[in-house]
Amino acid sequence: MGIAFRIQMEAFGGGQALYPHVLVKNCAVQFNFGQRAESYCSVLLWFTFRQHLPFSEQIGGTVGPKSKAECEILMMVGLPAAGKTTRAIKHAASNPSRKYNILGTSAIMDKMRAMGRQWNSAGSWDCVNRIIQIAARKKRNYILEKTNVYGSAQRRKIRPSEGFQHKAIVICPTDRT
């Protein structure tokens, strides 16, 4: 097939680890990260496979929350177009160690692209509600980014995530914004 892309060594900023990952649909993929004797392509002189590094020099990946009590759910509350999505994205970006997953219609619609085309948004609300239920079983940090102005809707979305830390962020734009 050939080379998908090249990364310059300078892009790693000296001493940073590379954690390769691939997301594919409907196909089988095979990788060689140094575990096989023969490589699929030539290995750069400066590159060292993980298994050839002394254990003291190996860098582990980030560790997520160990229990539900360490997990956090931030519920964005506000009217449509109040800035919930913008605030959620900014908060997640300013707290990279928390590794927030943003759950909301906008985030889902961004992921529902196929060959550059946007899918119909008719089922996106049901999709988000189902993802919220699934998320409550995972030990991660989430930002629920929907209108959430009704108390009954807030309780319905938070109830499955019992044991998590729950926080509400109310967005009230001023007349000047």
# chains A, B, ... in the order shown; residues from 1 in each chain; ligands from 1
$ residues_around --residues "Ile89 in chain A" --least-positions-apart "3" --cutoff "10 Å" --atoms "only C-alpha atoms" --output "ChimeraX atom specification"
/A:84-86,92-94,100-102,107,143,145
$ write_last_selection --atoms "C-alpha atoms" --output "mmCIF file, in the first residue's frame"
data_model
loop_
_atom_site.group_PDB
_atom_site.id
_atom_site.type_symbol
_atom_site.label_atom_id
_atom_site.label_comp_id
_atom_site.auth_asym_id
_atom_site.auth_seq_id
_atom_site.Cartn_x
_atom_site.Cartn_y
_atom_site.Cartn_z
ATOM 1 C CA LYS A 84 -22.396 25.487 26.031
ATOM 2 C CA THR A 85 -20.476 23.749 23.242
ATOM 3 C CA THR A 86 -17.811 26.458 23.098
ATOM 4 C CA ALA A 92 -11.711 20.110 27.969
ATOM 5 C CA ALA A 93 -8.761 21.755 26.185
ATOM 6 C CA SER A 94 -7.652 23.638 29.298
ATOM 7 C CA TYR A 100 -12.865 14.748 29.159
ATOM 8 C CA ASN A 101 -15.199 13.064 26.682
ATOM 9 C CA ILE A 102 -17.762 15.562 25.406
ATOM 10 C CA ALA A 107 -19.902 16.209 19.148
ATOM 11 C CA ILE A 143 -19.029 16.730 29.838
ATOM 12 C CA GLU A 145 -23.323 19.169 26.463
#
$ residues_around --residues "Ala135 in chain A" --least-positions-apart "4" --cutoff "12 Å" --atoms "only C-alpha atoms" --output "PyMOL selection string"
chain A and resi 68+71-73+100-103+128-131+139-144+157-162+164
$ write_last_selection --atoms "N, CA, C and O atoms" --output "short mmCIF file (atom, residue, chain, number, x, y, z; two decimals), in the first residue's frame"
data_model
loop_
_atom_site.label_atom_id
_atom_site.label_comp_id
_atom_site.auth_asym_id
_atom_site.auth_seq_id
_atom_site.Cartn_x
_atom_site.Cartn_y
_atom_site.Cartn_z
N LYS A 68 -15.23 4.84 40.17
CA LYS A 68 -16.27 5.80 39.78
C LYS A 68 -16.21 7.05 40.64
O LYS A 68 -16.55 8.14 40.20
N CYS A 71 -14.28 9.68 39.03
CA CYS A 71 -14.81 10.17 37.75
C CYS A 71 -15.66 11.42 37.97
O CYS A 71 -16.26 11.59 39.02
N GLU A 72 -15.73 12.23 36.94
CA GLU A 72 -16.45 13.49 37.05
C GLU A 72 -17.37 13.67 35.83
O GLU A 72 -16.96 13.38 34.71
N ILE A 73 -18.58 14.12 36.10
CA ILE A 73 -19.50 14.47 35.02
C ILE A 73 -19.87 15.94 35.20
O ILE A 73 -20.38 16.34 36.25
N TYR A 100 -11.40 14.70 29.24
CA TYR A 100 -12.86 14.75 29.16
C TYR A 100 -13.36 14.21 27.82
O TYR A 100 -12.77 14.48 26.78
N ASN A 101 -14.46 13.48 27.86
CA ASN A 101 -15.20 13.06 26.68
C ASN A 101 -16.44 13.94 26.63
O ASN A 101 -17.24 13.95 27.58
N ILE A 102 -16.60 14.68 25.54
CA ILE A 102 -17.76 15.56 25.41
C ILE A 102 -18.89 14.77 24.76
O ILE A 102 -18.75 14.24 23.67
N LEU A 103 -20.02 14.69 25.48
CA LEU A 103 -21.18 13.96 25.00
C LEU A 103 -22.28 14.97 24.70
O LEU A 103 -22.84 15.58 25.62
N VAL A 128 -27.45 10.37 21.44
CA VAL A 128 -26.77 10.99 22.58
C VAL A 128 -27.30 10.39 23.89
O VAL A 128 -26.52 10.07 24.79
N ASN A 129 -28.60 10.22 23.99
CA ASN A 129 -29.18 9.64 25.21
C ASN A 129 -28.67 8.22 25.44
O ASN A 129 -28.37 7.85 26.58
N ARG A 130 -28.54 7.46 24.40
CA ARG A 130 -28.02 6.09 24.52
C ARG A 130 -26.54 6.12 24.91
O ARG A 130 -26.10 5.33 25.76
N ILE A 131 -25.77 7.01 24.34
CA ILE A 131 -24.35 7.12 24.67
C ILE A 131 -24.17 7.54 26.13
O ILE A 131 -23.27 7.06 26.82
N LYS A 139 -15.40 4.13 33.41
CA LYS A 139 -14.69 5.00 34.35
C LYS A 139 -13.92 6.05 33.57
O LYS A 139 -12.75 5.86 33.23
N ARG A 140 -14.60 7.15 33.28
CA ARG A 140 -14.01 8.26 32.53
C ARG A 140 -14.63 9.56 33.02
O ARG A 140 -15.58 9.57 33.78
N ASN A 141 -14.09 10.66 32.51
CA ASN A 141 -14.62 11.99 32.81
C ASN A 141 -15.42 12.48 31.61
O ASN A 141 -14.96 12.36 30.47
N TYR A 142 -16.60 13.04 31.86
CA TYR A 142 -17.49 13.44 30.79
C TYR A 142 -17.98 14.87 30.96
O TYR A 142 -18.08 15.36 32.08
N ILE A 143 -18.30 15.47 29.84
CA ILE A 143 -19.03 16.73 29.84
C ILE A 143 -20.31 16.49 29.04
O ILE A 143 -20.24 16.13 27.87
N LEU A 144 -21.46 16.61 29.71
CA LEU A 144 -22.75 16.46 29.03
C LEU A 144 -23.13 17.81 28.45
O LEU A 144 -23.40 18.76 29.18
N LYS A 157 -30.60 12.07 33.03
CA LYS A 157 -29.26 11.90 32.46
C LYS A 157 -28.22 11.57 33.53
O LYS A 157 -27.26 10.87 33.25
N ILE A 158 -28.41 12.08 34.73
CA ILE A 158 -27.43 11.88 35.80
C ILE A 158 -27.66 10.56 36.56
O ILE A 158 -26.72 9.95 37.04
N ARG A 159 -28.90 10.11 36.64
CA ARG A 159 -29.25 8.93 37.43
C ARG A 159 -28.37 7.70 37.12
O ARG A 159 -27.89 7.05 38.05
N PRO A 160 -28.11 7.36 35.85
CA PRO A 160 -27.30 6.16 35.60
C PRO A 160 -25.85 6.27 36.09
O PRO A 160 -25.19 5.26 36.29
N SER A 161 -25.36 7.48 36.30
CA SER A 161 -23.95 7.67 36.67
C SER A 161 -23.78 7.82 38.18
O SER A 161 -22.94 8.58 38.64
N GLU A 162 -24.55 7.06 38.93
CA GLU A 162 -24.45 7.10 40.38
C GLU A 162 -23.04 6.70 40.81
O GLU A 162 -22.47 5.74 40.29
N PHE A 164 -20.44 8.80 40.49
CA PHE A 164 -19.57 9.80 39.88
C PHE A 164 -19.69 11.11 40.66
O PHE A 164 -20.67 11.34 41.36
#
$ closest_residue --among "A:Tyr19, A:Ala69, A:Met75, A:Glu57" --to "Ala153 in chain A" --atoms "only C-alpha atoms"
A:Met75
$ atom_distance --atom1 "CA of Tyr40 in chain A" --atom2 "CA of Arg6 in chain A"
15.1 Å
$ select_by_dssp --residues "range 75-145 of chain A" --states "strand (DSSP E)" --output "PyMOL selection string"
chain A and resi 75-77+100-104+113-114+117-118+141-145
$ select_by_dssp --residues "range 7-168 of chain A" --states "helix (DSSP H, G or I)" --output "ChimeraX atom specification"
/A:9-12,50-52,55-57,68-70,84-94,96-98,105-111,124-135,151-161
$ atom_distance --atom1 "CA of Val149 in chain A" --atom2 "CA of Ile171 in chain A"
10.4 Å
$ atom_distance --atom1 "CA of Lys167 in chain A" --atom2 "CA of Gly61 in chain A"
27.3 Å
$ residues_around --residues "Pro80 in chain A" --least-positions-apart "3" --cutoff "9 Å" --atoms "only C-alpha atoms" --output "mmCIF file with N, CA and C atoms, in the first residue's frame"
data_model
loop_
_atom_site.group_PDB
_atom_site.id
_atom_site.type_symbol
_atom_site.label_atom_id
_atom_site.label_comp_id
_atom_site.auth_asym_id
_atom_site.auth_seq_id
_atom_site.Cartn_x
_atom_site.Cartn_y
_atom_site.Cartn_z
ATOM 1 N N GLY A 83 -23.713 29.106 24.345
ATOM 2 C CA GLY A 83 -22.262 28.938 24.401
ATOM 3 C C GLY A 83 -21.819 27.677 25.122
ATOM 4 N N LYS A 84 -22.732 26.724 25.315
ATOM 5 C CA LYS A 84 -22.396 25.487 26.031
ATOM 6 C C LYS A 84 -21.315 24.696 25.313
ATOM 7 N N LYS A 146 -25.727 19.345 26.426
ATOM 8 C CA LYS A 146 -27.063 19.483 25.842
ATOM 9 C C LYS A 146 -27.749 20.619 26.587
ATOM 10 N N THR A 147 -28.960 20.944 26.230
ATOM 11 C CA THR A 147 -29.650 22.079 26.843
ATOM 12 C C THR A 147 -29.810 21.887 28.353
#
$ closest_residue --among "A:Glu70, A:Gly78, A:Ile3, A:Asn26" --to "Cys41 in chain A" --atoms "only C-alpha atoms"
A:Ile3
